[in-house]
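J.: The structure follows.
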Amino acid sequence: MLEKIFPHIKEQPLTEQVKSRDAFIYLDRMMCSLGWTEPFEKRWTWAYSILRFITTLIWMVFLPISFDVEYIKRFKSFSANEFLSSLEIGVNIHGCSLKSAYTMLGHTKFEESKKILDSLDQRVSGDEERSKIHRYVALANLCYIVYLINFNGFVLINWLGYLWRGSHAWRMYVPFLPSDKFFLTSSLVELYLMTPVVAMDMCTDLCPTTYMMMARCHINLLKDRLSRLHSDPEKSEDEHISDLTKCIQDHRLILDYVNVLRPVFSGTIFVQFLLIGIVLGLSMINVMFFSTFWTALGTCFFMFDVCLETFPFCYLCNVIIDDCQELSECLFNSNWIEGGRRYKSTLVHFLHNLQQPIVLKAGGVFPICMQTNLSMVKLAFSVVTVMKQFNLAEKFQ
């Protein structure tokens with residue numbers, strides 16, 4: 001069923017022409033609808049600029065402020081469950097505004113990285129390599145659908161759960177629309193405002209994962225090429241040197257690809273690392289002490305989505321570090337012994353460069369890896385522990 005609606009989540013046959021940049025088809029469409037890219041035709045530039053201004057003003061400026069104003073004006077009217085549900089989303093939305101700004105300003109970096117992928121695609125030859133490209137492209141597009149279902153599932157379940165209780169899911173301040181007098185209308189406005197901002201959050205979290213997934217795809221292709229170096233006895237020494245030189249160029253392009261994206265992902269993941277422990281801690285307290293079944297279900301969806309914001313990307317960074325180690329092993333295990341002096345000297349220099357792993361840092365401070373991610377998540381358990389030790393839950397009942 002999903003494959004009929006989203007055909008790119010299925011691995012295409014080798015008879016179809018698939019490029020690495022096809023991994024971002026659905027993601028680019030969503031970002032285009034948010035005003036984060038460039039219009040397809042230059043004549044629509046002015047209209048698209050208006051769209052970008054509106055989305056930025058409403059969902060990156062007004063929405064975070066609406067949460068703050070609601071806390072200031074009507075703090076005493078909050079129940080503990082309503083306050084925690086609103087606060088966990090409010091904190092995350094403030095971070096989402098910063099992440100969205102990084103992602104929107106990084107559009108030129110994304111376009112530059114796609115051109116590098118096009119250069120890497122030119123080296124793809126044979127059905128085996130093309131099959132890997134097809135597989136990774138389908139996987140990246142499938143990730144988009146998984147994120148789309150989970151993020152929108154949270155919005156719908158959380159909104160319906162609180163609507164069933166007769167209260168607001170997020171308690172936003174909307175001018176000229178008193179939430180106590182116009183309950184259903186204000187709830188629908190909240191749903192309308194929350195849906196696009198969740199789409200923004202999804203794009204900022206999915207970009208690092210999908211773009212680095214394609215980096216890993218080409219790293220794996222390079223590993224196979226390194227293993228085959230100097231294995232064809234029919235080739236001359238100059239041809240073997242040419243093959244080695246092309247592998248060096250591939251490695252250089254992969255490094256350029258990662259370096260282009262590094263400043264964008266560094267900012268978005270840094271913001272998320274700062275928020276993940278606090279947001280998960282507030283959510284856990286809400287589920288453990290103040291929620292009903294339906295509101296707890298929505299909060300659990302939210303917690304899972306928060307984990308999706310960092311865990312897949314951090315795991316992918318760990319895997320890429322291991323892949324870099326395997327690159328040097330593949331080169332060392334190739335048939336270099338039969339090579340000439342020039343071939344061996346070039347290989348030694350290349351081997352030294354391959355031993356430098358690809359490591360990304362969040363804000364230039366934290367290495368992006370599973371260990372850092374788990375350290376940040378532990379803060380959530382610290383928040384719950386403090387809540388239990390001081391019996392704060394009973395005082396808020």
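By order of appearance in the structure tokens: chains A, B, ..., then residues from 1 within every chain, and ligands from 1 in the order shown.
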If you take only C-alpha atoms and a cut-off of 6 Å, which residues of stretch 259-359 of chain A touch stretch 70-89 of chain A, and what are their nearest atom pairs and distances in Å to one decimal, in chain and number order, as JSON lines?

T.:
{"residue": "A:Val279", "atom": "CA", "partner": "A:Glu88", "partner_atom": "CA", "distance": 5.3}
{"residue": "A:Leu282", "atom": "CA", "partner": "A:Glu88", "partner_atom": "CA", "distance": 6.0}
{"residue": "A:Phe290", "atom": "CA", "partner": "A:Asn81", "partner_atom": "CA", "distance": 5.2}

J.: Report as JSON lines: every residue of stretch 100-161 of chain A with an atom at most 12 Å from stretch 312-323 of chain A, its closest pair of atoms, and their distance in Å to one decimal, counting only C-alpha atoms, with rows sorted by chain and ascending residue number.

T.:
{"residue": "A:Ala140", "atom": "CA", "partner": "A:Pro312", "partner_atom": "CA", "distance": 12.0}
{"residue": "A:Cys143", "atom": "CA", "partner": "A:Pro312", "partner_atom": "CA", "distance": 10.1}
{"residue": "A:Tyr147", "atom": "CA", "partner": "A:Pro312", "partner_atom": "CA", "distance": 11.2}

J.: Let me see the file: selected residues, N, CA, C and O atoms, as a PDB file, in the first residue's frame.

T.:
ATOM      1  N   ALA A 140      16.810   5.367   2.530  1.00  0.00           N
ATOM      2  CA  ALA A 140      16.724   6.765   2.964  1.00  0.00           C
ATOM      3  C   ALA A 140      15.307   7.301   2.811  1.00  0.00           C
ATOM      4  O   ALA A 140      14.788   8.001   3.697  1.00  0.00           O
ATOM      5  N   CYS A 143      13.113   5.854   5.493  1.00  0.00           N
ATOM      6  CA  CYS A 143      13.311   6.566   6.766  1.00  0.00           C
ATOM      7  C   CYS A 143      12.410   7.790   6.846  1.00  0.00           C
ATOM      8  O   CYS A 143      11.848   8.093   7.907  1.00  0.00           O
ATOM      9  N   TYR A 147       9.663   8.372   9.827  1.00  0.00           N
ATOM     10  CA  TYR A 147       9.632   9.598  10.627  1.00  0.00           C
ATOM     11  C   TYR A 147       8.287  10.306  10.461  1.00  0.00           C
ATOM     12  O   TYR A 147       7.712  10.808  11.436  1.00  0.00           O
TER      13      TYR A 147
END

J.: Between A:Phe151, A:Phe289, A:Phe62, A:Trp46, which has the minimum distance to A:Leu308 (counting only C-alpha atoms)?

T.: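 Result for the nearest residue to A:Leu308: A:Phe151.
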
J.: Report as a tab-separated table the residues of stretch 272-380 of chain A within 12 Å of stretch 92-101 of chain A, each with its shortest atom pair and distance in Å (one decimal), using only C-alpha atoms, ordered by chain and increasing residue number.

T.:
residue	atom	partner	partner_atom	distance
A:Gln272	CA	A:Gly95	CA	7.0
A:Phe273	CA	A:Gly95	CA	10.1
A:Leu274	CA	A:Gly95	CA	8.9
A:Leu275	CA	A:Asn92	CA	7.0
A:Ile276	CA	A:Asn92	CA	8.4
A:Gly277	CA	A:Asn92	CA	11.0
A:Ile278	CA	A:Asn92	CA	9.3
A:Val279	CA	A:Asn92	CA	6.9
A:Leu280	CA	A:Asn92	CA	10.1
A:Leu282	CA	A:Asn92	CA	11.0
A:Ser283	CA	A:Asn92	CA	11.3
A:Phe302	CA	A:Asn92	CA	10.4
A:Met303	CA	A:Asn92	CA	11.2
A:Asp305	CA	A:Asn92	CA	11.2
A:Val306	CA	A:Asn92	CA	8.9
A:Glu309	CA	A:Cys96	CA	10.8

J.: Atoms to include: N, CA and C atoms. Write the selected residues as a CSV table (one decimal), in the first residue's frame.

T.:
chain,number,residue,atom,x,y,z
A,272,GLN,N,20.1,19.8,19.9
A,272,GLN,CA,19.3,18.6,20.4
A,272,GLN,C,19.9,18.0,21.6
A,273,PHE,N,21.3,17.9,21.6
A,273,PHE,CA,22.0,17.3,22.8
A,273,PHE,C,21.7,18.1,24.0
A,274,LEU,N,21.5,19.4,23.9
A,274,LEU,CA,21.3,20.2,25.1
A,274,LEU,C,19.8,20.0,25.6
A,275,LEU,N,18.9,19.6,24.7
A,275,LEU,CA,17.5,19.5,25.1
A,275,LEU,C,17.1,18.1,25.5
A,276,ILE,N,17.7,17.1,24.9
A,276,ILE,CA,17.1,15.8,25.0
A,276,ILE,C,16.9,15.3,26.4
A,277,GLY,N,17.9,15.5,27.3
A,277,GLY,CA,17.8,15.0,28.7
A,277,GLY,C,16.6,15.7,29.4
A,278,ILE,N,16.5,17.0,29.2
A,278,ILE,CA,15.4,17.8,29.9
A,278,ILE,C,14.0,17.4,29.4
A,279,VAL,N,13.9,17.3,28.1
A,279,VAL,CA,12.6,17.0,27.5
A,279,VAL,C,12.2,15.6,27.8
A,280,LEU,N,13.1,14.6,27.8
A,280,LEU,CA,12.7,13.2,28.1
A,280,LEU,C,12.4,13.1,29.6
A,282,LEU,N,11.1,15.5,31.6
A,282,LEU,CA,9.7,16.0,31.8
A,282,LEU,C,8.7,15.1,31.3
A,283,SER,N,8.9,14.4,30.2
A,283,SER,CA,8.0,13.5,29.6
A,283,SER,C,7.8,12.2,30.5
A,302,PHE,N,5.7,10.8,21.8
A,302,PHE,CA,6.6,12.0,21.8
A,302,PHE,C,8.0,11.6,22.3
A,303,MET,N,8.1,10.8,23.3
A,303,MET,CA,9.5,10.4,23.8
A,303,MET,C,10.2,9.5,22.7
A,305,ASP,N,9.8,9.8,19.5
A,305,ASP,CA,10.2,10.8,18.5
A,305,ASP,C,11.4,11.6,18.9
A,306,VAL,N,11.5,11.9,20.2
A,306,VAL,CA,12.7,12.6,20.7
A,306,VAL,C,13.9,11.7,20.5
A,309,GLU,N,15.4,11.7,17.2
A,309,GLU,CA,16.1,12.9,16.8
A,309,GLU,C,17.6,12.8,16.9

J.: Need the shell around A:Lys361: protein/DNA/RNA residues with any atom at most 10 Å away, counting only C-alpha atoms. Skip same-chain ones fewer than 2 positions apart. Format as a list in words?

T.: Arg262, Pro263, Phe265, Ser266, Gly267, Ile269, Phe270, Val359, Gly363, Gly364, Val365, Phe366, Pro367, Ile368 and Cys369 of chain A

J.: Please list as a PyMOL selection string every residue within 12 Å of A:Pro175, counting only C-alpha atoms and excluding residues in the same chain fewer than 4 positions away.

T.: chain A and resi 62-63+65-66+69-70+179+186+189

J.: Next, dump the selected residues to file, keeping only C-alpha atoms, as a PDB file, in the first residue's frame.

T.:
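Result saved to result-v5.pdb:
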ATOM      1  CA  PHE A  62       5.258  33.386  16.958  1.00  0.00           C
ATOM      2  CA  LEU A  63       4.728  29.787  18.092  1.00  0.00           C
ATOM      3  CA  ILE A  65       6.448  33.058  22.005  1.00  0.00           C
ATOM      4  CA  SER A  66       2.838  31.857  22.268  1.00  0.00           C
ATOM      5  CA  VAL A  69       2.935  34.133  26.912  1.00  0.00           C
ATOM      6  CA  GLU A  70       0.500  31.386  27.964  1.00  0.00           C
ATOM      7  CA  SER A 179      -9.247  29.099  24.858  1.00  0.00           C
ATOM      8  CA  SER A 186      -8.839  26.936  19.820  1.00  0.00           C
ATOM      9  CA  VAL A 189      -6.088  26.131  15.771  1.00  0.00           C
TER      10      VAL A 189
END
